[in-house]
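Note: the block below is model-v7.txt and it holds compact mmCIF, C-alpha atoms.
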# COMPACT_ATOMS: atom_id res chain seq x y z
CA MET A 291 42.92 45.96 16.05
CA GLU A 292 40.91 43.69 18.29
CA GLY A 293 40.31 45.19 21.69
CA SER A 294 40.84 48.73 20.41
CA ASN A 295 38.03 51.23 20.20
CA LEU A 296 39.13 53.49 17.37
CA LEU A 297 35.66 54.76 16.47
CA ALA A 298 33.92 54.97 19.84
CA ASN A 299 30.52 56.66 19.40
CA LYS A 300 31.29 57.88 15.89
CA ALA A 301 28.19 58.12 13.70
CA VAL A 302 28.86 56.33 10.44
CA VAL A 303 26.85 55.88 7.25
CA VAL A 304 27.85 53.06 4.87
CA THR A 305 26.10 52.63 1.51
CA GLY A 306 25.80 49.17 0.02
CA GLY A 307 26.23 47.60 3.46
CA SER A 308 24.15 44.47 3.13
CA ARG A 309 26.63 42.36 1.22
CA GLY A 310 30.22 41.91 0.11
CA ILE A 311 32.80 44.55 0.91
CA GLY A 312 30.17 46.90 2.34
CA ARG A 313 29.06 44.34 4.90
CA SER A 314 32.62 43.75 6.00
CA ILE A 315 33.11 47.51 6.38
CA VAL A 316 29.97 47.75 8.53
CA LEU A 317 31.15 44.95 10.81
CA THR A 318 34.74 46.18 11.02
CA LEU A 319 33.75 49.74 11.94
CA ALA A 320 31.08 48.56 14.41
CA ALA A 321 33.67 46.37 16.13
CA GLN A 322 35.59 49.59 16.82
CA GLY A 323 32.66 51.09 18.69
CA ALA A 324 31.01 52.99 15.84
CA ASN A 325 27.30 53.73 15.55
CA VAL A 326 26.77 52.50 11.99
CA THR A 327 23.72 52.92 9.80
CA PHE A 328 24.07 51.07 6.55
CA LEU A 329 21.96 51.60 3.45
CA TYR A 330 20.89 48.83 1.11
CA CYS A 331 18.91 48.91 -2.08
CA SER A 332 16.68 45.85 -2.11
CA ASN A 333 18.04 42.68 -0.52
CA GLY A 334 16.33 42.66 2.88
CA ALA A 335 17.45 39.12 3.65
CA ALA A 336 21.09 40.06 3.14
CA ALA A 337 20.59 43.18 5.25
CA ASN A 338 19.22 41.03 8.06
CA GLU A 339 22.26 38.77 7.81
CA THR A 340 24.51 41.79 8.26
CA LEU A 341 22.47 42.91 11.27
CA ALA A 342 22.69 39.42 12.77
CA ALA A 343 26.44 39.27 12.18
CA ALA A 344 26.82 42.62 13.95
CA ALA A 345 25.23 41.41 17.17
CA GLY A 346 27.66 41.49 20.04
CA LEU A 347 30.42 43.28 18.13
CA GLY A 348 30.32 46.32 20.39
CA GLY A 349 28.95 49.15 18.26
CA ILE A 350 25.42 49.88 17.14
CA VAL A 351 24.31 48.75 13.68
CA LYS A 352 21.09 49.73 11.95
CA ALA A 353 19.84 49.18 8.40
CA LYS A 354 17.88 51.47 6.12
CA GLN A 355 16.50 50.66 2.70
CA VAL A 356 17.27 53.43 0.22
CA ASP A 357 17.67 53.47 -3.52
CA ILE A 358 20.65 55.81 -3.85
CA ARG A 359 19.74 56.53 -7.46
CA ASP A 360 16.94 58.71 -6.10
CA ALA A 361 18.22 62.03 -4.73
CA GLN A 362 15.11 62.83 -2.72
CA SER A 363 15.15 59.43 -0.96
CA CYS A 364 18.80 59.97 -0.08
CA GLU A 365 18.08 63.38 1.43
CA THR A 366 15.18 62.05 3.48
CA ALA A 367 17.20 59.07 4.70
CA ILE A 368 20.25 61.12 5.67
CA GLU A 369 18.12 63.63 7.58
CA ALA A 370 16.46 60.79 9.49
CA ILE A 371 19.82 59.20 10.31
CA ALA A 372 21.32 62.50 11.47
CA GLU A 373 18.24 63.09 13.62
CA ASP A 374 18.68 59.64 15.13
CA THR A 375 22.44 59.73 15.73
CA GLY A 376 22.86 63.47 16.32
CA SER A 377 25.50 63.88 13.62
CA ILE A 378 27.32 62.16 10.80
CA ASP A 379 31.04 61.81 11.41
CA ILE A 380 32.01 59.32 8.74
CA LEU A 381 30.58 58.40 5.33
CA VAL A 382 31.63 55.33 3.36
CA ASN A 383 30.37 55.19 -0.22
CA SER A 384 30.53 51.50 -0.93
CA ALA A 385 27.44 50.78 -3.03
CA GLY A 386 28.29 49.68 -6.54
CA ILE A 387 27.14 47.40 -9.32
CA ILE A 388 28.65 45.81 -12.43
CA ARG A 389 27.14 45.14 -15.84
CA ASP A 390 30.17 43.75 -17.67
CA ASN A 391 30.29 43.27 -21.40
CA ILE A 392 32.52 44.22 -24.31
CA LEU A 393 31.68 47.63 -25.68
CA GLY A 394 29.97 46.32 -28.81
CA LEU A 395 27.49 44.39 -26.71
CA LEU A 396 26.93 46.93 -23.96
CA THR A 397 23.48 48.48 -24.09
CA ASN A 398 22.76 52.08 -23.13
CA GLU A 399 20.91 50.70 -20.12
CA ASP A 400 24.06 48.83 -19.02
CA VAL A 401 25.99 52.09 -19.11
CA GLN A 402 23.28 54.20 -17.51
CA GLU A 403 22.55 51.76 -14.70
CA VAL A 404 26.20 51.53 -13.71
CA LEU A 405 26.70 55.30 -13.81
CA ALA A 406 23.41 55.93 -11.97
CA THR A 407 24.41 53.81 -8.98
CA ASN A 408 28.19 54.10 -8.97
CA VAL A 409 28.51 57.82 -9.75
CA LEU A 410 25.22 59.69 -9.37
CA GLY A 411 24.41 57.61 -6.28
CA VAL A 412 27.57 58.94 -4.65
CA PHE A 413 26.61 62.54 -5.43
CA ASN A 414 23.10 61.92 -4.11
CA ILE A 415 24.49 60.81 -0.76
CA LEU A 416 27.30 63.35 -0.56
CA ARG A 417 25.01 66.37 -1.01
CA PRO A 418 22.89 65.87 2.11
CA VAL A 419 25.76 64.50 4.25
CA ILE A 420 28.37 67.20 3.67
CA PRO A 421 26.48 70.10 5.35
CA TYR A 422 26.44 68.15 8.62
CA MET A 423 30.21 67.80 8.42
CA ILE A 424 30.79 71.43 7.38
CA SER A 425 28.76 72.66 10.34
CA ARG A 426 30.89 70.68 12.76
CA ARG A 427 34.14 71.44 10.94
CA LYS A 428 35.15 67.80 10.74
CA GLY A 429 34.38 64.63 8.90
CA LYS A 430 35.78 61.69 6.99
CA ILE A 431 34.54 60.55 3.62
CA ILE A 432 35.79 57.29 2.18
CA ASN A 433 34.84 56.30 -1.34
CA ILE A 434 35.23 52.77 -2.62
CA SER A 435 36.34 52.69 -6.25
CA SER A 436 38.17 49.83 -7.94
CA VAL A 437 41.44 48.83 -9.52
CA ALA A 438 39.37 49.00 -12.72
CA GLY A 439 39.41 52.78 -12.37
CA GLU A 440 43.08 52.77 -13.38
CA LYS A 441 43.92 49.38 -14.81
CA GLY A 442 42.22 48.50 -18.07
CA GLY A 443 40.09 45.39 -18.03
CA ARG A 444 38.19 43.77 -20.89
CA GLY A 445 34.42 44.09 -20.69
CA GLN A 446 34.52 46.82 -18.06
CA THR A 447 34.36 50.10 -19.95
CA ASN A 448 31.20 51.21 -18.15
CA TYR A 449 32.40 50.07 -14.74
CA ALA A 450 35.90 51.49 -15.31
CA ALA A 451 34.42 54.85 -16.32
CA SER A 452 32.33 54.93 -13.15
CA LYS A 453 35.24 54.04 -10.87
CA GLY A 454 37.67 56.38 -12.59
CA ALA A 455 35.09 59.07 -11.95
CA ILE A 456 35.10 58.24 -8.25
CA ASN A 457 38.89 58.50 -8.10
CA ALA A 458 38.72 61.92 -9.72
CA LEU A 459 35.80 63.04 -7.55
CA THR A 460 37.76 62.05 -4.44
CA LYS A 461 40.61 64.40 -5.32
CA ALA A 462 38.40 67.33 -6.33
CA LEU A 463 36.22 67.01 -3.25
CA ALA A 464 39.26 66.75 -0.99
CA VAL A 465 40.34 70.18 -2.25
CA GLU A 466 36.89 71.69 -1.70
CA LEU A 467 36.42 70.34 1.80
CA ALA A 468 39.92 70.59 3.24
CA PRO A 469 39.31 74.14 4.57
CA ARG A 470 36.58 72.69 6.77
CA ASN A 471 38.70 69.80 8.05
CA ILE A 472 36.78 67.19 6.10
CA LEU A 473 39.07 64.51 4.72
CA VAL A 474 38.18 62.65 1.55
CA ASN A 475 39.97 59.47 0.54
CA CYS A 476 39.36 56.49 -1.66
CA VAL A 477 40.04 52.79 -1.40
CA ALA A 478 40.42 50.95 -4.71
CA PRO A 479 39.98 47.22 -4.21
CA GLY A 480 41.39 44.65 -6.62
CA VAL A 481 39.64 41.32 -7.13
CA ILE A 482 37.91 40.59 -3.85
CA GLU A 483 36.05 37.34 -3.16
CA THR A 484 32.46 38.55 -3.16
CA GLU A 485 29.28 37.66 -5.02
CA MET A 486 29.91 40.56 -7.39
CA THR A 487 33.20 39.15 -8.69
CA GLU A 488 32.07 35.52 -8.80
CA ALA A 489 31.54 35.48 -12.58
CA ILE A 490 34.95 37.03 -13.26
CA ARG A 491 36.69 34.63 -10.93
CA GLN A 492 34.98 31.64 -12.52
CA GLN A 493 35.71 32.72 -16.09
CA ALA A 494 39.28 33.91 -15.75
CA GLY A 495 40.23 33.18 -12.18
CA ASP A 496 43.58 31.48 -12.81
CA VAL A 497 44.78 34.07 -15.31
CA VAL A 498 43.78 36.93 -13.04
CA LYS A 499 45.29 35.31 -9.97
CA SER A 500 48.58 34.78 -11.78
CA ARG A 501 48.77 38.57 -12.23
CA ILE A 502 48.16 39.37 -8.57
CA LEU A 503 51.58 39.79 -6.98
CA LEU A 504 50.45 38.31 -3.69
CA GLY A 505 49.04 35.29 -5.52
CA ARG A 506 45.57 35.34 -4.01
CA PHE A 507 42.25 37.08 -4.33
CA GLY A 508 41.45 39.59 -1.62
CA GLN A 509 38.96 39.11 1.19
CA PRO A 510 36.38 41.78 2.07
CA GLU A 511 38.21 42.25 5.40
CA ASP A 512 41.38 43.23 3.54
CA VAL A 513 39.50 46.23 2.21
CA ALA A 514 37.56 46.95 5.39
CA LYS A 515 40.75 47.26 7.45
CA VAL A 516 42.05 49.99 5.14
CA VAL A 517 38.69 51.77 5.31
CA LEU A 518 39.07 51.67 9.10
CA PHE A 519 42.44 53.39 8.74
CA PHE A 520 40.86 56.22 6.71
CA ALA A 521 37.87 56.43 9.05
CA SER A 522 39.91 56.64 12.23
CA SER A 523 42.26 59.25 13.66
CA LEU A 524 45.18 57.15 12.35
CA SER A 525 44.83 59.06 9.07
CA ASP A 526 44.17 62.60 10.32
CA TYR A 527 46.84 64.10 8.03
CA VAL A 528 45.82 62.24 4.87
CA THR A 529 43.40 63.53 2.24
CA GLY A 530 42.76 63.18 -1.49
CA GLN A 531 44.40 59.76 -1.71
CA VAL A 532 43.43 56.71 -3.74
CA LEU A 533 44.88 53.65 -2.07
CA HIS A 534 44.86 50.38 -3.98
CA VAL A 535 44.10 47.32 -1.91
CA ASP A 536 44.72 44.78 -4.62
CA GLY A 537 47.59 42.51 -3.65
CA GLY A 538 49.74 44.31 -6.21
CA PHE A 539 47.38 43.65 -9.14
CA LYS A 540 47.64 47.17 -10.53
CA MET A 541 51.44 46.98 -10.61
CA SER A 542 51.61 43.77 -12.61
CA MET B 261 11.65 91.47 -3.53
CA THR B 262 12.37 94.97 -2.32
CA GLN B 263 12.88 96.08 1.24
CA SER B 264 9.17 96.80 1.60
CA ASP B 265 8.54 93.18 0.73
CA PHE B 266 9.06 92.11 4.29
CA THR B 267 7.19 93.58 7.18
CA ALA B 268 8.68 94.97 10.37
CA GLU B 269 7.21 91.99 12.19
CA GLU B 270 8.87 89.55 9.83
CA PHE B 271 12.18 91.35 10.19
CA ALA B 272 11.94 91.34 13.98
CA ALA B 273 11.07 87.66 14.03
CA VAL B 274 13.82 86.54 11.69
CA PHE B 275 16.82 88.85 11.89
CA PRO B 276 18.14 88.19 15.42
CA LYS B 277 18.17 84.43 14.89
CA LEU B 278 19.56 84.88 11.40
CA ALA B 279 22.42 87.01 12.71
CA GLU B 280 23.20 84.46 15.41
CA THR B 281 23.14 81.59 12.90
CA MET B 282 25.31 83.39 10.36
CA ALA B 283 27.80 84.44 13.02
CA GLU B 284 28.14 80.81 14.07
CA ALA B 285 28.71 79.69 10.49
CA LEU B 286 31.27 82.41 9.77
CA GLY B 287 32.95 82.40 13.16
CA CYS B 288 32.46 86.15 13.59
CA ASP B 289 30.67 88.34 16.14
CA GLU B 290 26.94 88.77 15.86
CA GLU B 291 27.40 92.55 15.71
CA ASP B 292 29.35 92.09 12.45
CA ILE B 293 26.24 90.69 10.79
CA THR B 294 24.73 93.90 9.47
CA LEU B 295 22.16 93.93 6.70
CA THR B 296 24.48 95.44 4.11
CA ALA B 297 27.82 93.76 4.88
CA SER B 298 29.26 91.87 1.91
CA LEU B 299 29.58 88.28 3.07
CA ILE B 300 32.71 87.67 1.05
CA ASP B 301 34.48 91.04 1.18
CA ASP B 302 33.50 92.17 4.69
CA LEU B 303 32.88 88.91 6.54
CA ASP B 304 35.51 86.72 4.86
CA ALA B 305 33.01 84.08 3.76
CA GLU B 306 34.21 81.45 1.30
CA SER B 307 31.97 79.73 -1.21
CA ILE B 308 31.70 76.66 1.01
CA ASP B 309 30.26 78.88 3.77
CA PHE B 310 27.17 79.55 1.69
CA LEU B 311 26.32 75.86 1.83
CA ASP B 312 26.82 75.92 5.59
CA ILE B 313 24.74 79.09 6.03
CA VAL B 314 21.82 77.74 4.01
CA PHE B 315 21.97 74.42 5.89
CA ARG B 316 21.99 76.15 9.29
CA LEU B 317 19.18 78.52 8.29
CA GLU B 318 17.07 75.54 7.19
CA LYS B 319 17.54 73.94 10.60
CA THR B 320 17.04 77.14 12.58
CA PHE B 321 13.90 78.27 10.79
CA LYS B 322 12.62 74.82 9.80
CA VAL B 323 12.26 75.78 6.15
CA LYS B 324 13.48 74.19 2.93
CA ILE B 325 15.80 76.24 0.76
CA PRO B 326 16.65 74.19 -2.32
CA ARG B 327 20.33 74.25 -3.32
CA GLY B 328 20.87 76.74 -6.12
CA LYS B 329 17.68 78.58 -5.19
CA ILE B 330 19.44 81.85 -4.59
CA MET B 331 21.06 81.84 -8.04
CA GLU B 332 17.79 80.78 -9.63
CA ASP B 333 15.99 83.63 -7.88
CA SER B 334 18.72 86.02 -9.00
CA ARG B 335 17.77 85.30 -12.62
CA GLY B 336 14.11 86.04 -12.00
CA ALA B 337 11.99 85.45 -15.09
CA LEU B 338 14.97 85.63 -17.45
CA SER B 339 16.24 82.51 -19.17
CA GLU B 340 19.88 81.56 -18.66
CA SER B 341 20.84 82.92 -22.09
CA GLU B 342 19.00 86.18 -21.44
CA PHE B 343 20.70 86.53 -18.06
CA GLU B 344 24.26 85.74 -19.02
CA SER B 345 26.52 85.35 -22.01
CA ASN B 346 29.85 83.51 -21.75
CA GLY B 347 29.88 83.86 -17.99
CA VAL B 348 29.18 87.61 -18.04
CA VAL B 349 25.86 89.06 -16.86
CA THR B 350 24.00 90.76 -19.74
CA SER B 351 22.59 94.28 -19.41
CA ALA B 352 19.10 92.81 -18.99
CA GLY B 353 20.55 90.47 -16.40
CA LEU B 354 22.14 93.36 -14.54
CA ILE B 355 18.81 95.20 -14.31
CA GLN B 356 17.14 92.03 -13.00
CA LEU B 357 19.97 91.41 -10.52
CA LYS B 358 19.83 94.96 -9.16
CA SER B 359 16.12 94.56 -8.61
CA PHE B 360 16.57 91.17 -6.87
CA LEU B 361 19.45 92.46 -4.77
CA SER B 362 17.81 95.82 -4.11
CA GLU B 363 19.56 96.00 -0.74
CA VAL B 364 23.02 96.09 -2.31
CA PRO B 365 24.45 99.58 -2.88
CA GLU B 366 24.66 100.52 -6.56
CA GLU B 367 28.44 101.01 -6.54
CA ARG B 368 29.05 97.35 -5.71
CA PHE B 369 27.67 96.24 -9.09
CA LYS B 370 30.66 96.16 -11.40
CA SER B 371 30.16 96.27 -15.13
CA PRO B 372 30.95 93.91 -16.77
CA LEU B 373 29.96 91.56 -13.97
CA ASN B 374 31.05 87.93 -14.09
CA VAL B 375 28.44 85.39 -12.99
CA SER B 376 31.05 83.86 -10.68
CA ASP B 377 31.29 87.23 -8.88
CA ILE B 378 27.57 87.42 -8.05
CA PRO B 379 28.07 85.82 -4.63
CA ARG B 380 30.35 88.76 -3.73
CA LEU B 381 27.20 90.89 -3.75
CA PHE B 382 25.33 88.74 -1.23
CA THR B 383 24.65 90.28 2.16
CA PRO B 384 22.86 89.05 5.28
CA GLU B 385 19.77 90.76 3.89
CA THR B 386 19.93 88.51 0.84
CA PHE B 387 19.56 85.54 3.16
CA LEU B 388 16.97 87.30 5.30
CA LYS B 389 14.78 87.65 2.22
CA LEU B 390 15.44 84.05 1.28
CA VAL B 391 14.26 82.83 4.69
CA ILE B 392 11.18 85.06 4.74
CA LYS B 393 10.25 83.96 1.23
CA ALA B 394 10.63 80.29 2.20
CA GLN B 395 8.55 80.86 5.33
CA ARG B 396 5.78 82.49 3.32
CA GLU B 397 5.81 79.72 0.70
CA GLN B 398 5.64 77.13 3.45
CA ALA B 399 2.78 78.94 5.18
CA GLY B 400 0.99 79.26 1.83
CA ALA B 401 1.44 75.56 1.09
CA ALA B 402 0.13 74.62 4.53
CA GLN B 403 -3.12 76.50 4.04
Can you give me the file's structure in the form of structure tokens?
Amino acid sequence: MEGSNLLANKAVVVTGGSRGIGRSIVLTLAAQGANVTFLYCSNGAAANETLAAAAGLGGIVKAKQVDIRDAQSCETAIEAIAEDTGSIDILVNSAGIIRDNILGLLTNEDVQEVLATNVLGVFNILRPVIPYMISRRKGKIINISSVAGEKGGRGQTNYAASKGAINALTKALAVELAPRNILVNCVAPGVIETEMTEAIRQQAGDVVKSRILLGRFGQPEDVAKVVLFFASSLSDYVTGQVLHVDGGFKMS
Amino acid sequence: MTQSDFTAEEFAAVFPKLAETMAEALGCDEEDITLTASLIDDLDAESIDFLDIVFRLEKTFKVKIPRGKIMEDSRGALSESEFESNGVVTSAGLIQLKSFLSEVPEERFKSPLNVSDIPRLFTPETFLKLVIKAQREQAGAAQ
């Protein structure tokens, strides 16, 4: 993909772009010429690292602090971004959190926090973005869910529920928006080496790895490259799909 | 709101731009945007077009029209249970709806009327009133 310019001048919004998979998505899309604005919740230092890493990649990268749990903030932020870039061509919903625990020890807050960010946060961003795409009769929406949305995992009932919801939302929204040429797809990562999965990898790394057909944890770039496929014209006849990028973990 | 609720000046200021905006959203000719045309039955609008129309009107007229506002306004002062029962508009609801959509010819109101069929009644005038109301509220708030 190096040397190609698959997203020249495309206006992209990525949520959760300061760290982990989101950061890799920001950098990968920017390297293809995109004009990327990423949203982050609170970690300004991490956001600055992403901005620094983006220097010289070719596209434009900007950061915006938004708590996606707040619908009004999302609307204000999206309007400002659209004003700045002139449109929104591509949206990547990558923001997500985990609060793992077995059901008996999960608090209501653990459940609500995960659903507020991972599910309601997606709705809060989708609502203000979609009208821009409908007006222009084109757009690409890529949701990031998780292998946990389909494959049961101990201590992840809240997270699994949130990611299963995103898989289902992807399909329903694809149906709604297809008449306006807006394509909606989902990437479901397996165990990717990020801060978020550090605890899991430390506790049960060897067992988990032994169940990954490719025998290794994924890298954020493994996911970002598939997001690029869905964001670019390479996937113009694909909608409503959930693609697992998990080294075969779901199959084992 | 009844027809007399907007002035000739308001109509003249809003309608031409409204017609242009709606024609763009629906991909039809501006002349097709008459006050009484049914958006769905006459102008082939789909439900997703309503979102587009409201979005474009907000940009064109620089007003805020909250999502769901039109359905909320349809109910008037009635509660949800007074307005509908099992997805069907009640008789009290029908009276309220006819008053809200005073521009819609009587024969278009079917009885029983499903809530999901209310958008079939919407006409360009429905949106004209929505814009004028939003403009007035905005002007009132600014004072």
Exercise. Compute the chain A side of the contact with chain B at 7 Å, counting all atoms listed in the file, and hand it back as a ChimeraX atom specification.
Key: /A:421,424-425
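Excluding Gly439 (chain A) itself and same-chain residues fewer than 6 positions from it, the residues having an atom within 8 Å of it are Tyr449, Ala450, Ala451, Ser452, Lys453, Gly454, Ala455, Asn457 and Ala478 of chain A, counting only C-alpha atoms.
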I need the residues from that last selection saved to file as a PDB file, in the frame of the given file (with C-alpha atoms), if you can.
ATOM      1  CA  TYR A 449      32.400  50.070 -14.740  1.00  0.00           C
ATOM      2  CA  ALA A 450      35.900  51.490 -15.310  1.00  0.00           C
ATOM      3  CA  ALA A 451      34.420  54.850 -16.320  1.00  0.00           C
ATOM      4  CA  SER A 452      32.330  54.930 -13.150  1.00  0.00           C
ATOM      5  CA  LYS A 453      35.240  54.040 -10.870  1.00  0.00           C
ATOM      6  CA  GLY A 454      37.670  56.380 -12.590  1.00  0.00           C
ATOM      7  CA  ALA A 455      35.090  59.070 -11.950  1.00  0.00           C
ATOM      8  CA  ASN A 457      38.890  58.500  -8.100  1.00  0.00           C
ATOM      9  CA  ALA A 478      40.420  50.950  -4.710  1.00  0.00           C
TER      10      ALA A 478
END
Counting only C-alpha atoms, which residues of region 292-374 of chain B sit at most 9 Å from some atom of region 390-401 of chain B, and what is each one's closest atom pair with its distance in Å to one decimal, listed by chain and rising residue number, as a Markdown table?
| residue | atom | partner | partner_atom | distance |
| --- | --- | --- | --- | --- |
| B:Leu317 | CA | B:Val391 | CA | 7.5 |
| B:Glu318 | CA | B:Val391 | CA | 8.2 |
| B:Phe321 | CA | B:Val391 | CA | 7.6 |
| B:Lys322 | CA | B:Gln395 | CA | 8.5 |
| B:Val323 | CA | B:Ala394 | CA | 6.2 |
| B:Lys324 | CA | B:Ala394 | CA | 6.8 |
| B:Ile325 | CA | B:Ala394 | CA | 6.7 |
| B:Lys329 | CA | B:Leu390 | CA | 8.8 |
| B:Ile330 | CA | B:Leu390 | CA | 7.4 |
Exercise. Considering only C-alpha atoms, return as a list in words whatever protein or nucleic-acid residues lie within 12 Å of Ala406 (chain A), sequence-local ones (same chain, fewer than 6 positions apart) excluded.
Key: Asp357, Ile358, Arg359, Asp360, Ala361, Ala385, Gly386, Ile387, Ile388, Asn398, Glu399, Asp400, Val412, Phe413, Asn414, Asn448, Tyr449, Ala451 and Ser452 of chain A
Quiz prompt | CA of Val437 (chain A) to CA of Leu319 (chain A), distance in Å rounded to a single decimal | solution =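 So the two atoms, CA of Val437 (chain A) and CA of Leu319 (chain A), lie 22.8 Å apart.
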Exercise. Considering all atoms listed in the file, return as a PyMOL selection string whatever protein or nucleic-acid residues lie within 8 Å of Ile311 (chain A), sequence-local ones (same chain, fewer than 3 positions apart) excluded.
Key: chain A and resi 307+314-315+384+484+510-511+513-514
Reconstruct N, CA and C atoms of region 430-447 of chain A; output as an mmCIF file, keeping the file's coordinate frame.
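The resulting file, rebuild34.cif, is shown below:
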data_model
loop_
_atom_site.group_PDB
_atom_site.id
_atom_site.type_symbol
_atom_site.label_atom_id
_atom_site.label_comp_id
_atom_site.auth_asym_id
_atom_site.auth_seq_id
_atom_site.Cartn_x
_atom_site.Cartn_y
_atom_site.Cartn_z
ATOM 1 N N LYS A 430 34.952 62.579 7.817
ATOM 2 C CA LYS A 430 35.780 61.690 6.990
ATOM 3 C C LYS A 430 34.880 61.061 5.940
ATOM 4 N N ILE A 431 35.285 61.168 4.717
ATOM 5 C CA ILE A 431 34.540 60.550 3.620
ATOM 6 C C ILE A 431 35.468 59.546 2.950
ATOM 7 N N ILE A 432 34.990 58.326 2.826
ATOM 8 C CA ILE A 432 35.790 57.290 2.180
ATOM 9 C C ILE A 432 34.987 56.713 1.018
ATOM 10 N N ASN A 433 35.498 56.863 -0.176
ATOM 11 C CA ASN A 433 34.840 56.300 -1.340
ATOM 12 C C ASN A 433 35.485 54.962 -1.687
ATOM 13 N N ILE A 434 34.665 54.035 -2.157
ATOM 14 C CA ILE A 434 35.230 52.770 -2.620
ATOM 15 C C ILE A 434 35.172 52.783 -4.146
ATOM 16 N N SER A 435 36.345 52.770 -4.788
ATOM 17 C CA SER A 435 36.340 52.690 -6.250
ATOM 18 C C SER A 435 36.771 51.283 -6.642
ATOM 19 N N SER A 436 37.757 51.162 -7.498
ATOM 20 C CA SER A 436 38.170 49.830 -7.940
ATOM 21 C C SER A 436 39.481 49.950 -8.688
ATOM 22 N N VAL A 437 40.226 48.869 -8.700
ATOM 23 C CA VAL A 437 41.440 48.830 -9.520
ATOM 24 C C VAL A 437 41.082 49.097 -10.982
ATOM 25 N N ALA A 438 39.828 48.775 -11.352
ATOM 26 C CA ALA A 438 39.370 49.000 -12.720
ATOM 27 C C ALA A 438 39.356 50.469 -13.100
ATOM 28 N N GLY A 439 39.380 51.346 -12.092
ATOM 29 C CA GLY A 439 39.410 52.780 -12.370
ATOM 30 C C GLY A 439 40.721 53.220 -12.989
ATOM 31 N N GLU A 440 41.779 52.415 -12.819
ATOM 32 C CA GLU A 440 43.080 52.770 -13.380
ATOM 33 C C GLU A 440 43.653 51.715 -14.302
ATOM 34 N N LYS A 441 43.345 50.460 -14.010
ATOM 35 C CA LYS A 441 43.920 49.380 -14.810
ATOM 36 C C LYS A 441 42.876 48.878 -15.792
ATOM 37 N N GLY A 442 43.184 48.922 -17.069
ATOM 38 C CA GLY A 442 42.220 48.500 -18.070
ATOM 39 C C GLY A 442 41.831 47.039 -17.918
ATOM 40 N N GLY A 443 40.553 46.772 -18.105
ATOM 41 C CA GLY A 443 40.090 45.390 -18.030
ATOM 42 C C GLY A 443 39.020 45.139 -19.078
ATOM 43 N N ARG A 444 39.157 44.072 -19.827
ATOM 44 C CA ARG A 444 38.190 43.770 -20.890
ATOM 45 C C ARG A 444 36.783 43.661 -20.323
ATOM 46 N N GLY A 445 35.829 44.235 -21.067
ATOM 47 C CA GLY A 445 34.420 44.090 -20.690
ATOM 48 C C GLY A 445 33.999 45.002 -19.545
ATOM 49 N N GLN A 446 34.844 45.983 -19.229
ATOM 50 C CA GLN A 446 34.520 46.820 -18.060
ATOM 51 C C GLN A 446 34.535 48.298 -18.387
ATOM 52 N N THR A 447 34.269 48.673 -19.618
ATOM 53 C CA THR A 447 34.360 50.100 -19.950
ATOM 54 C C THR A 447 33.399 50.930 -19.097
#
